[in-house]
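Peer 1: One file is attached below, data31.txt, containing compact mmCIF, C-alpha atoms and all ligand atoms.
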# COMPACT_ATOMS: atom_id res chain seq x y z
CA MET A 26 135.32 124.79 83.57
CA TYR A 27 132.67 122.58 85.05
CA LYS A 28 130.11 120.58 83.17
CA PHE A 29 126.53 120.34 84.25
CA LYS A 30 123.83 117.78 83.77
CA VAL A 31 120.32 117.32 85.12
CA LEU A 32 120.04 113.67 86.18
CA VAL A 33 116.41 113.65 87.33
CA GLU A 34 114.02 116.48 86.56
CA GLY A 35 112.17 117.65 89.65
CA TYR A 36 108.46 117.04 89.94
CA ALA A 37 105.64 117.62 92.40
CA ARG A 38 102.16 116.26 91.93
CA ALA A 39 99.16 114.82 93.71
CA GLY A 40 98.75 111.08 93.21
CA GLN A 41 96.02 108.66 94.19
CA ASN A 42 94.45 108.06 97.60
CA GLY A 43 95.74 111.30 99.03
CA VAL A 44 99.39 110.50 98.36
CA TYR A 45 101.60 113.33 97.16
CA HIS A 46 104.65 112.68 94.97
CA ALA A 47 107.68 114.94 94.98
CA SER A 48 111.34 114.73 94.13
CA PRO A 49 113.50 117.74 93.29
CA THR A 50 115.79 118.37 90.37
CA THR A 51 118.85 116.24 90.99
CA SER A 52 121.89 117.40 89.07
CA LEU A 53 125.56 116.68 88.63
CA ILE A 54 128.38 119.22 88.49
CA TYR A 55 131.59 117.62 87.35
CA ASP A 56 135.03 117.91 85.83
CA GLU A 57 138.01 115.55 85.65
CA GLN A 58 138.65 115.91 89.39
CA ILE A 59 135.32 115.97 91.11
CA LYS A 60 131.67 114.95 90.96
CA VAL A 61 129.14 116.90 92.97
CA LEU A 62 125.60 115.61 93.32
CA VAL A 63 123.03 118.31 94.09
CA ASP A 64 119.91 117.34 96.06
CA PRO A 65 119.71 113.55 95.64
CA GLY A 66 115.94 113.71 96.15
CA THR A 67 113.55 110.89 96.99
CA ASN A 68 113.22 108.85 93.80
CA ALA A 69 115.89 106.16 94.15
CA GLU A 70 114.73 104.29 91.06
CA GLU A 71 114.99 107.29 88.72
CA LEU A 72 118.30 108.32 90.22
CA LYS A 73 119.80 104.87 89.75
CA LYS A 74 118.53 104.78 86.17
CA ALA A 75 120.19 108.14 85.51
CA PHE A 76 123.48 106.83 86.91
CA VAL A 77 123.32 103.84 84.58
CA ARG A 78 122.48 106.11 81.62
CA GLU A 79 125.50 108.32 82.39
CA GLY A 80 127.86 105.42 83.02
CA LEU A 81 128.26 106.45 86.66
CA LYS A 82 128.49 104.39 89.81
CA LEU A 83 127.09 105.56 93.14
CA GLU A 84 130.66 105.38 94.51
CA ASP A 85 131.82 107.95 91.95
CA ILE A 86 130.17 110.81 93.86
CA ASP A 87 132.61 112.92 95.90
CA ILE A 88 130.30 115.54 97.36
CA ILE A 89 126.59 115.65 98.09
CA PHE A 90 125.24 119.18 98.31
CA LEU A 91 121.88 119.82 99.96
CA SER A 92 120.17 123.11 99.05
CA HIS A 93 117.97 123.02 102.15
CA TYR A 94 116.46 120.66 104.70
CA HIS A 95 113.14 119.58 103.30
CA PRO A 96 113.05 115.75 103.21
CA ASP A 97 112.04 115.53 99.55
CA HIS A 98 115.47 116.98 98.76
CA PHE A 99 117.57 114.58 100.76
CA LEU A 100 116.06 111.14 101.52
CA ASN A 101 118.30 109.51 98.90
CA ILE A 102 121.43 110.30 100.92
CA ARG A 103 120.71 106.74 102.16
CA LEU A 104 122.18 105.52 98.86
CA PHE A 105 125.52 107.18 99.65
CA PRO A 106 126.45 106.16 103.19
CA ASN A 107 130.12 107.07 102.80
CA VAL A 108 129.86 110.46 101.13
CA ASP A 109 130.22 113.65 103.17
CA ILE A 110 127.17 115.93 103.14
CA TYR A 111 127.58 119.63 102.40
CA ASP A 112 125.18 122.53 102.76
CA GLY A 113 125.84 126.22 102.20
CA GLY A 114 128.33 126.45 105.06
CA ILE A 115 129.08 123.09 106.66
CA ARG A 116 130.54 119.76 105.62
CA TRP A 117 129.36 116.83 107.71
CA HIS A 118 131.74 113.93 108.12
CA ASN A 119 130.09 111.64 110.66
CA ASP A 120 129.82 113.79 113.80
CA GLU A 121 132.33 116.35 112.56
CA GLU A 122 131.10 119.71 111.31
CA HIS A 123 133.62 121.50 109.10
CA PHE A 124 132.78 125.13 108.39
CA PHE A 125 133.46 127.03 105.18
CA GLU A 126 132.17 129.93 103.15
CA GLY A 127 132.14 131.26 99.60
CA LYS A 128 132.91 128.11 97.67
CA LEU A 129 132.44 124.39 98.09
CA PRO A 130 135.76 123.25 99.58
CA GLY A 131 138.17 121.89 96.98
CA THR A 132 136.13 123.34 94.11
CA ASP A 133 135.45 126.60 92.27
CA ILE A 134 131.74 126.18 92.78
CA GLU A 135 130.27 129.33 94.23
CA ILE A 136 127.74 129.21 97.06
CA VAL A 137 125.13 131.93 97.32
CA ALA A 138 122.73 132.22 100.24
CA THR A 139 119.21 132.34 98.81
CA PRO A 140 116.82 132.23 101.77
CA GLY A 141 113.07 132.64 101.54
CA HIS A 142 111.67 129.23 100.64
CA ALA A 143 113.66 127.93 103.60
CA THR A 144 115.83 130.09 105.84
CA GLU A 145 118.88 127.86 105.33
CA GLN A 146 118.52 127.58 101.55
CA SER A 147 121.68 128.06 99.46
CA SER A 148 122.29 127.92 95.72
CA LEU A 149 125.28 126.86 93.65
CA VAL A 150 126.56 128.95 90.76
CA ILE A 151 128.85 127.67 88.01
CA THR A 152 129.94 128.89 84.60
CA THR A 153 129.84 126.33 81.84
CA GLU A 154 130.95 126.52 78.23
CA GLU A 155 127.60 125.54 76.73
CA LEU A 156 125.21 127.40 79.03
CA GLY A 157 127.10 130.32 80.58
CA VAL A 158 126.16 131.05 84.19
CA VAL A 159 124.02 128.24 85.62
CA PHE A 160 122.25 129.10 88.88
CA ILE A 161 121.17 125.92 90.64
CA CYS A 162 118.70 127.63 92.91
CA GLN A 163 116.34 124.73 93.59
CA ASP A 164 113.23 125.86 95.51
CA VAL A 165 113.80 129.58 94.99
CA PHE A 166 111.59 128.67 92.03
CA TRP A 167 109.42 125.57 91.85
CA TRP A 168 106.12 124.51 90.35
CA GLU A 169 103.73 121.61 90.53
CA ASP A 170 103.65 119.60 87.32
CA GLY A 171 101.91 121.46 84.52
CA ASN A 172 102.02 124.85 86.28
CA GLN A 173 105.48 126.09 85.32
CA LYS A 174 105.46 129.74 84.20
CA ASN A 175 108.85 131.25 83.47
CA ASP A 176 108.36 133.55 80.48
CA THR A 177 108.57 136.88 82.29
CA VAL A 178 110.31 138.35 85.32
CA GLU A 179 106.88 139.24 86.68
CA GLU A 180 105.71 135.62 86.55
CA LEU A 181 108.86 134.47 88.27
CA MET A 182 108.82 137.11 90.98
CA GLN A 183 105.14 136.56 91.77
CA ASN A 184 105.21 132.75 91.70
CA GLU A 185 103.40 131.58 94.84
CA ASP A 186 105.23 129.34 97.29
CA PRO A 187 102.91 127.79 99.89
CA PHE A 188 105.90 126.56 101.91
CA LYS A 189 107.83 129.83 102.02
CA ALA A 190 109.55 130.87 105.24
CA SER A 191 109.73 134.55 104.21
CA TRP A 192 108.21 136.21 101.15
CA GLU A 193 110.56 139.23 101.50
CA ASP A 194 113.66 137.03 101.57
CA LEU A 195 112.31 134.99 98.68
CA GLN A 196 111.82 138.16 96.61
CA ARG A 197 115.39 139.25 97.33
CA SER A 198 116.78 135.81 96.46
CA ARG A 199 114.80 135.68 93.22
CA LYS A 200 116.20 139.09 92.25
CA THR A 201 119.73 137.84 92.91
CA VAL A 202 119.16 134.82 90.68
CA LEU A 203 117.58 136.90 87.88
CA GLU A 204 120.46 139.41 87.98
CA ARG A 205 123.14 136.82 87.44
CA ALA A 206 121.84 133.66 85.81
CA ASP A 207 121.85 132.68 82.16
CA TRP A 208 120.13 129.42 83.00
CA ILE A 209 118.09 128.67 86.10
CA VAL A 210 117.61 125.24 87.65
CA PRO A 211 114.42 125.15 89.73
CA GLY A 212 113.65 122.69 92.53
CA HIS A 213 110.68 121.11 90.78
CA GLY A 214 110.21 121.78 87.07
CA LYS A 215 112.29 122.22 83.93
CA MET A 216 115.53 124.13 83.79
CA PHE A 217 114.89 127.39 81.89
CA LYS A 218 116.68 130.36 80.38
CA ASN A 219 116.53 133.60 82.34
CA PRO A 220 113.85 135.72 80.57
CA THR A 221 116.07 138.80 80.88
CA LYS A 222 118.76 137.04 78.80
CA ARG A 223 116.57 135.74 75.98
ZN ZN B 1 111.72 122.80 99.78
Written as structure tokens, how would this file's structure read?
Peer 2:
Amino acid sequence: MYKFKVLVEGYARAGQNGVYHASPTTSLIYDEQIKVLVDPGTNAEELKKAFVREGLKLEDIDIIFLSHYHPDHFLNIRLFPNVDIYDGGIRWHNDEEHFFEGKLPGTDIEIVATPGHATEQSSLVITTEELGVVFICQDVFWWEDGNQKNDTVEELMQNEDPFKASWEDLQRSRKTVLERADWIVPGHGKMFKNPTKR
């Protein structure tokens, strides 16, 4: 069974002088064999601090998974120049594109297409001993700081997304997550228990 850890909690907030600050939830899925980093984000300082806290080196990462192609989710790939990049269906090794489906190659980590926020968005699903089914769905759900509302299915289904590509797809993806997850990892905000499982 895999273990799961949030390394940097995702945030999104307006700062000073018209600057906006955003970095997504960056998490680690790991066992004895493999370490998968999900959405390395933009905040290099916080990510490096988390690595130190966990006794990890940047070179320990085997796979970087990107949930979708919004820059706040991936700018920190610069810290890992030698690690292959994976999305929901392709592994990039330099100019080589290696195609796959269902699971991340070499792992039991399930990939589920969850379009809506972005058309290419995919989620990872794992089962852990402590938490049960963890659905790392990133921007299928996200909130600006202080606005997180995850107490009811209604709140979650109706949560506005100003950057959505398709509201219909997003509704379908949210339903998929809520049907299966024990715990949900949003793109920006705190990981939370599925209200239908409380
Ligand atoms: Zn996004």
Peer 1: List all protein, DNA and RNA residues that have an atom no more than 9 Å from any atom of ligand ZN 1 (chain B), counting all atoms listed in the file, and report them as a VMD selection string.
Peer 2: chain A and resid 49 92 to 98 142 to 143 146 163 to 165 167 188 to 189 212
Peer 1: With all atoms listed in the file as the atoms that count, which of A:Thr144, A:Ala138, A:Ile102, A:Val44 lies nearest to Pro65 in chain A?
Peer 2: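 Closest candidate: A:Ile102.
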Peer 1: Please indicate the distance in Å from CA of Val159 in chain A to CA of Glu70 in chain A, rounded to one decimal place.
Peer 2: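 A separation of 26.3 Å between them.
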Peer 1: Might you pull out every residue within 12 Å of Glu121 in chain A, with all atoms listed in the file counted and same-chain residues fewer than 5 positions away left off, and present them as number ranges by chain?
Peer 2: A: 109-111, 115-116
Peer 1: Counting all atoms listed in the file, find the residues whose atoms lie at most 12 Å from (133.0, 134.6, 100.3) (file coordinates) and write them out as an MDAnalysis selection string.
Peer 2: chainID A and resid 113:114 125:130 133:138
Peer 1: For the residues selected in the previous step, produce a file with C-alpha atoms as a short mmCIF file (atom, residue, chain, number, x, y, z; two decimals), in the frame of the given file.
Peer 2:
data_model
loop_
_atom_site.label_atom_id
_atom_site.label_comp_id
_atom_site.auth_asym_id
_atom_site.auth_seq_id
_atom_site.Cartn_x
_atom_site.Cartn_y
_atom_site.Cartn_z
CA GLY A 113 125.84 126.22 102.20
CA GLY A 114 128.33 126.45 105.06
CA PHE A 125 133.46 127.03 105.18
CA GLU A 126 132.17 129.93 103.15
CA GLY A 127 132.14 131.26 99.60
CA LYS A 128 132.91 128.11 97.67
CA LEU A 129 132.44 124.39 98.09
CA PRO A 130 135.76 123.25 99.58
CA ASP A 133 135.45 126.60 92.27
CA ILE A 134 131.74 126.18 92.78
CA GLU A 135 130.27 129.33 94.23
CA ILE A 136 127.74 129.21 97.06
CA VAL A 137 125.13 131.93 97.32
CA ALA A 138 122.73 132.22 100.24
#
Peer 1: In Å, how far is it from CA of Glu84 in chain A to CA of Ser48 in chain A?
Peer 2: 21.5 Å
Peer 1: For a quick check of understanding, using all atoms listed in the file, which of A:Thr177, A:Gln58, A:Ser52, A:Asn42 has the smallest distance to Ala75 in chain A?
Peer 2: A:Ser52
Peer 1: Residues at most 6 Å from Gly157 in chain A, counting all atoms listed in the file, excluding those fewer than 4 positions away in the same chain, as a list in words?
Peer 2: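 After dropping sequence-adjacent residues, the list is Thr152, Thr153 and Asp207 of chain A.
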Peer 1: As an exercise, work out the distance from CA of Trp117 in chain A to CA of Leu100 in chain A in Å and give it to one decimal place.
Peer 2: 15.7 Å
Peer 1: Around (118.7, 136.3, 79.8) in the file's own coordinates, what residues are found within 12 Å if you use all atoms listed in the file, given back as a list in words?
Peer 2: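 Residues with an atom at most 12 Å from (118.7, 136.3, 79.8): Leu156, Gly157, Val158, Val159, Asn175, Asp176, Thr177, Val178, Val202, Leu203, Glu204, Arg205, Ala206, Asp207, Trp208, Ile209, Phe217, Lys218, Asn219, Pro220, Thr221, Lys222 and Arg223 of chain A.
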Peer 1: Find the residue from A:Pro187, A:Gly171, A:Pro140, A:Gly214 that sits nearest to Lys200 in chain A; use all atoms listed in the file when measuring.
Peer 2: A:Pro140
Peer 1: Kindly indicate which residue among A:Asn101, A:Asn107, A:Ser148, A:Asn68 lies nearest to Pro211 in chain A, using only C-alpha atoms for the distances.
Peer 2: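 Closest candidate: A:Ser148.
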Peer 1: To test the calculation: enclose all listed atoms of range 53-69 of chain A in a box whose edges run along x, y and z, add 5 Å on each side, then state centre and edge lengths in Å to one decimal, as AutoDock Vina command-line options.
Peer 2:
--center_x 125.9 --center_y 112.7 --center_z 91.3 --size_x 35.4 --size_y 23.1 --size_z 21.3
Peer 1: Kindly indicate which residue among A:Asp120, A:Asp112, A:Glu193, A:Glu169 lies nearest to Ala47 in chain A, using only C-alpha atoms for the distances.
Peer 2: A:Glu169
Peer 1: Nearest to Gln173 in chain A among A:Lys28, A:His118, A:Lys215, A:Arg199, with distances taken over only C-alpha atoms: which residue is it?
Peer 2: A:Lys215
Peer 1: Near Val61 in chain A, within 8 Å and counting all atoms listed in the file, which residues show up once chain neighbours fewer than 4 positions away are dropped, as an MDAnalysis selection string?
Peer 2: chainID A and resid 53:55 86:90
